[in-house]
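I have placed the structure first, in the form of structure tokens, so that the comments after it can refer back to it.
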Amino acid sequence: MKTEPHEQRAQEGAGNGKSGNRYLAWAYVEAANFSIRHSPELRAWYQRKATRTKRVVALKALANKLAKACYFILRDGVAFDVQRLVG
């Protein structure tokens with residue numbers, strides 16, 4: 001999609017819609033679904049978030065939190081701590 005100037009020199013169509021690996025994003029959403037079913041702390045966090053936003057946005061937010069946790073686990077070599085994840 002070609003971007004063209006819109007109002008006040010803003011670019012239209014230059015969003016961040018297709019960044020990242022779609023298969024990795026799918027895997028983290030599946031991990032978020034699994035964690036909602038099996039972790040009471042993450043289920044409570046998801047339900048709080050889902051009451052304030054749409055369910056799919058809350059699910060993607062939890063997937064993002066899990067992705068960041070995986071990064072820091074691999075970078076620092078520490079064990080997973082659910083209390084650090086949910087605050």
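Letters for chains follow the order of the structure tokens (A, B, ...), residue numbers begin at 1 for each chain, and ligand numbers begin at 1 in the order shown.
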* To do: Tell me which protein, DNA and RNA residues are within 8 Å of range 18-35 of chain A, counting only C-alpha atoms, leaving out same-chain ones fewer than 6 positions away, and put them as a ChimeraX atom specification.
  => /A:42-43,59-60,62-64,66-67
Write to file, as a PDB file, in the first residue's frame, the residues of the selection just made, with N, CA and C atoms.
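What landed in again.pdb:
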```
ATOM      1  N   LEU A  42      -2.549 -15.909  36.396  1.00  0.00           N
ATOM      2  CA  LEU A  42      -2.657 -15.348  35.050  1.00  0.00           C
ATOM      3  C   LEU A  42      -4.116 -15.269  34.602  1.00  0.00           C
ATOM      4  N   ARG A  43      -4.949 -16.198  35.065  1.00  0.00           N
ATOM      5  CA  ARG A  43      -6.382 -16.129  34.761  1.00  0.00           C
ATOM      6  C   ARG A  43      -6.989 -14.883  35.385  1.00  0.00           C
ATOM      7  N   LEU A  59      -6.096 -11.033  25.533  1.00  0.00           N
ATOM      8  CA  LEU A  59      -5.354 -12.247  25.210  1.00  0.00           C
ATOM      9  C   LEU A  59      -4.012 -11.906  24.570  1.00  0.00           C
ATOM     10  N   LYS A  60      -4.001 -10.959  23.638  1.00  0.00           N
ATOM     11  CA  LYS A  60      -2.758 -10.544  23.006  1.00  0.00           C
ATOM     12  C   LYS A  60      -1.827  -9.852  24.008  1.00  0.00           C
ATOM     13  N   LEU A  62      -1.615 -10.603  27.203  1.00  0.00           N
ATOM     14  CA  LEU A  62      -1.021 -11.691  27.984  1.00  0.00           C
ATOM     15  C   LEU A  62       0.042 -12.415  27.160  1.00  0.00           C
ATOM     16  N   ALA A  63      -0.210 -12.620  25.879  1.00  0.00           N
ATOM     17  CA  ALA A  63       0.785 -13.245  25.010  1.00  0.00           C
ATOM     18  C   ALA A  63       2.045 -12.382  24.938  1.00  0.00           C
ATOM     19  N   ASN A  64       1.875 -11.077  24.897  1.00  0.00           N
ATOM     20  CA  ASN A  64       3.015 -10.163  24.877  1.00  0.00           C
ATOM     21  C   ASN A  64       3.807 -10.252  26.176  1.00  0.00           C
ATOM     22  N   LEU A  66       4.011 -12.857  28.104  1.00  0.00           N
ATOM     23  CA  LEU A  66       4.719 -14.136  28.090  1.00  0.00           C
ATOM     24  C   LEU A  66       5.940 -14.076  27.172  1.00  0.00           C
ATOM     25  N   ALA A  67       5.825 -13.392  26.044  1.00  0.00           N
ATOM     26  CA  ALA A  67       6.956 -13.253  25.131  1.00  0.00           C
ATOM     27  C   ALA A  67       8.091 -12.482  25.796  1.00  0.00           C
TER      28      ALA A  67
END
```
* Apply DSSP to the structure's backbone, then extract all residues of chain A labelled alpha helix (DSSP H) and return them as a PyMOL selection string. => chain A and resi 22-38+40-52+55-76+82-86
Could you dump the residues just selected with C-alpha atoms as a CSV table (one decimal), in the first residue's frame?
```csv
chain,number,residue,atom,x,y,z
A,22,ARG,CA,2.9,-14.7,12.5
A,23,TYR,CA,3.7,-18.3,13.6
A,24,LEU,CA,5.6,-17.1,16.7
A,25,ALA,CA,2.7,-14.8,17.5
A,26,TRP,CA,0.3,-17.7,17.1
A,27,ALA,CA,2.4,-19.8,19.5
A,28,TYR,CA,2.4,-17.1,22.2
A,29,VAL,CA,-1.4,-16.8,21.9
A,30,GLU,CA,-1.7,-20.5,22.3
A,31,ALA,CA,0.6,-20.3,25.4
A,32,ALA,CA,-1.6,-17.5,26.7
A,33,ASN,CA,-4.7,-19.6,26.3
A,34,PHE,CA,-3.0,-22.5,28.1
A,35,SER,CA,-1.8,-20.3,30.9
A,36,ILE,CA,-5.4,-18.9,31.3
A,37,ARG,CA,-6.7,-22.4,31.8
A,38,HIS,CA,-3.9,-23.6,34.2
A,40,PRO,CA,-5.0,-18.9,38.6
A,41,GLU,CA,-2.8,-15.8,38.8
A,42,LEU,CA,-2.7,-15.3,35.0
A,43,ARG,CA,-6.4,-16.1,34.8
A,44,ALA,CA,-7.1,-13.4,37.3
A,45,TRP,CA,-4.9,-10.9,35.4
A,46,TYR,CA,-6.6,-11.8,32.1
A,47,GLN,CA,-10.1,-11.4,33.5
A,48,ARG,CA,-9.2,-8.0,35.0
A,49,LYS,CA,-7.8,-6.9,31.6
A,50,ALA,CA,-10.7,-8.4,29.7
A,51,THR,CA,-13.2,-6.3,31.7
A,52,ARG,CA,-11.5,-3.1,30.7
A,55,ARG,CA,-11.2,-10.2,25.1
A,56,VAL,CA,-8.9,-10.5,22.1
A,57,VAL,CA,-6.9,-7.5,23.2
A,58,ALA,CA,-6.5,-8.9,26.7
A,59,LEU,CA,-5.4,-12.2,25.2
A,60,LYS,CA,-2.8,-10.5,23.0
A,61,ALA,CA,-1.6,-8.5,26.0
A,62,LEU,CA,-1.0,-11.7,28.0
A,63,ALA,CA,0.8,-13.2,25.0
A,64,ASN,CA,3.0,-10.2,24.9
A,65,LYS,CA,3.8,-10.5,28.6
A,66,LEU,CA,4.7,-14.1,28.1
A,67,ALA,CA,7.0,-13.3,25.1
A,68,LYS,CA,8.8,-10.6,27.2
A,69,ALA,CA,9.1,-13.1,30.1
A,70,CYS,CA,10.6,-15.7,27.7
A,71,TYR,CA,13.1,-13.1,26.4
A,72,PHE,CA,14.3,-12.2,29.9
A,73,ILE,CA,14.4,-15.9,31.0
A,74,LEU,CA,16.7,-16.7,28.1
A,75,ARG,CA,18.8,-13.5,28.4
A,76,ASP,CA,19.3,-13.7,32.2
A,82,VAL,CA,4.5,-15.7,37.8
A,83,GLN,CA,4.4,-13.1,40.5
A,84,ARG,CA,6.9,-10.9,38.6
A,85,LEU,CA,4.8,-11.3,35.5
A,86,VAL,CA,1.5,-10.2,37.0
```
* To do: Extract the full set of strand (DSSP E or B) residues from chain A according to DSSP on the backbone, and format it as a list of chain:residue names.
  =>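 Strand (DSSP E or B) members of chain A, listed: A:Glu4, A:Pro5, A:Gln11, A:Glu12.
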Those selected residues, please, written with C-alpha atoms and delivered as a compact mmCIF listing (two decimals), in the first residue's frame.
```txt
# COMPACT_ATOMS: atom_id res chain seq x y z
CA GLU A 4 0.22 9.43 0.82
CA PRO A 5 0.10 12.64 2.83
CA GLN A 11 1.35 9.46 6.60
CA GLU A 12 -1.68 7.27 6.04
```
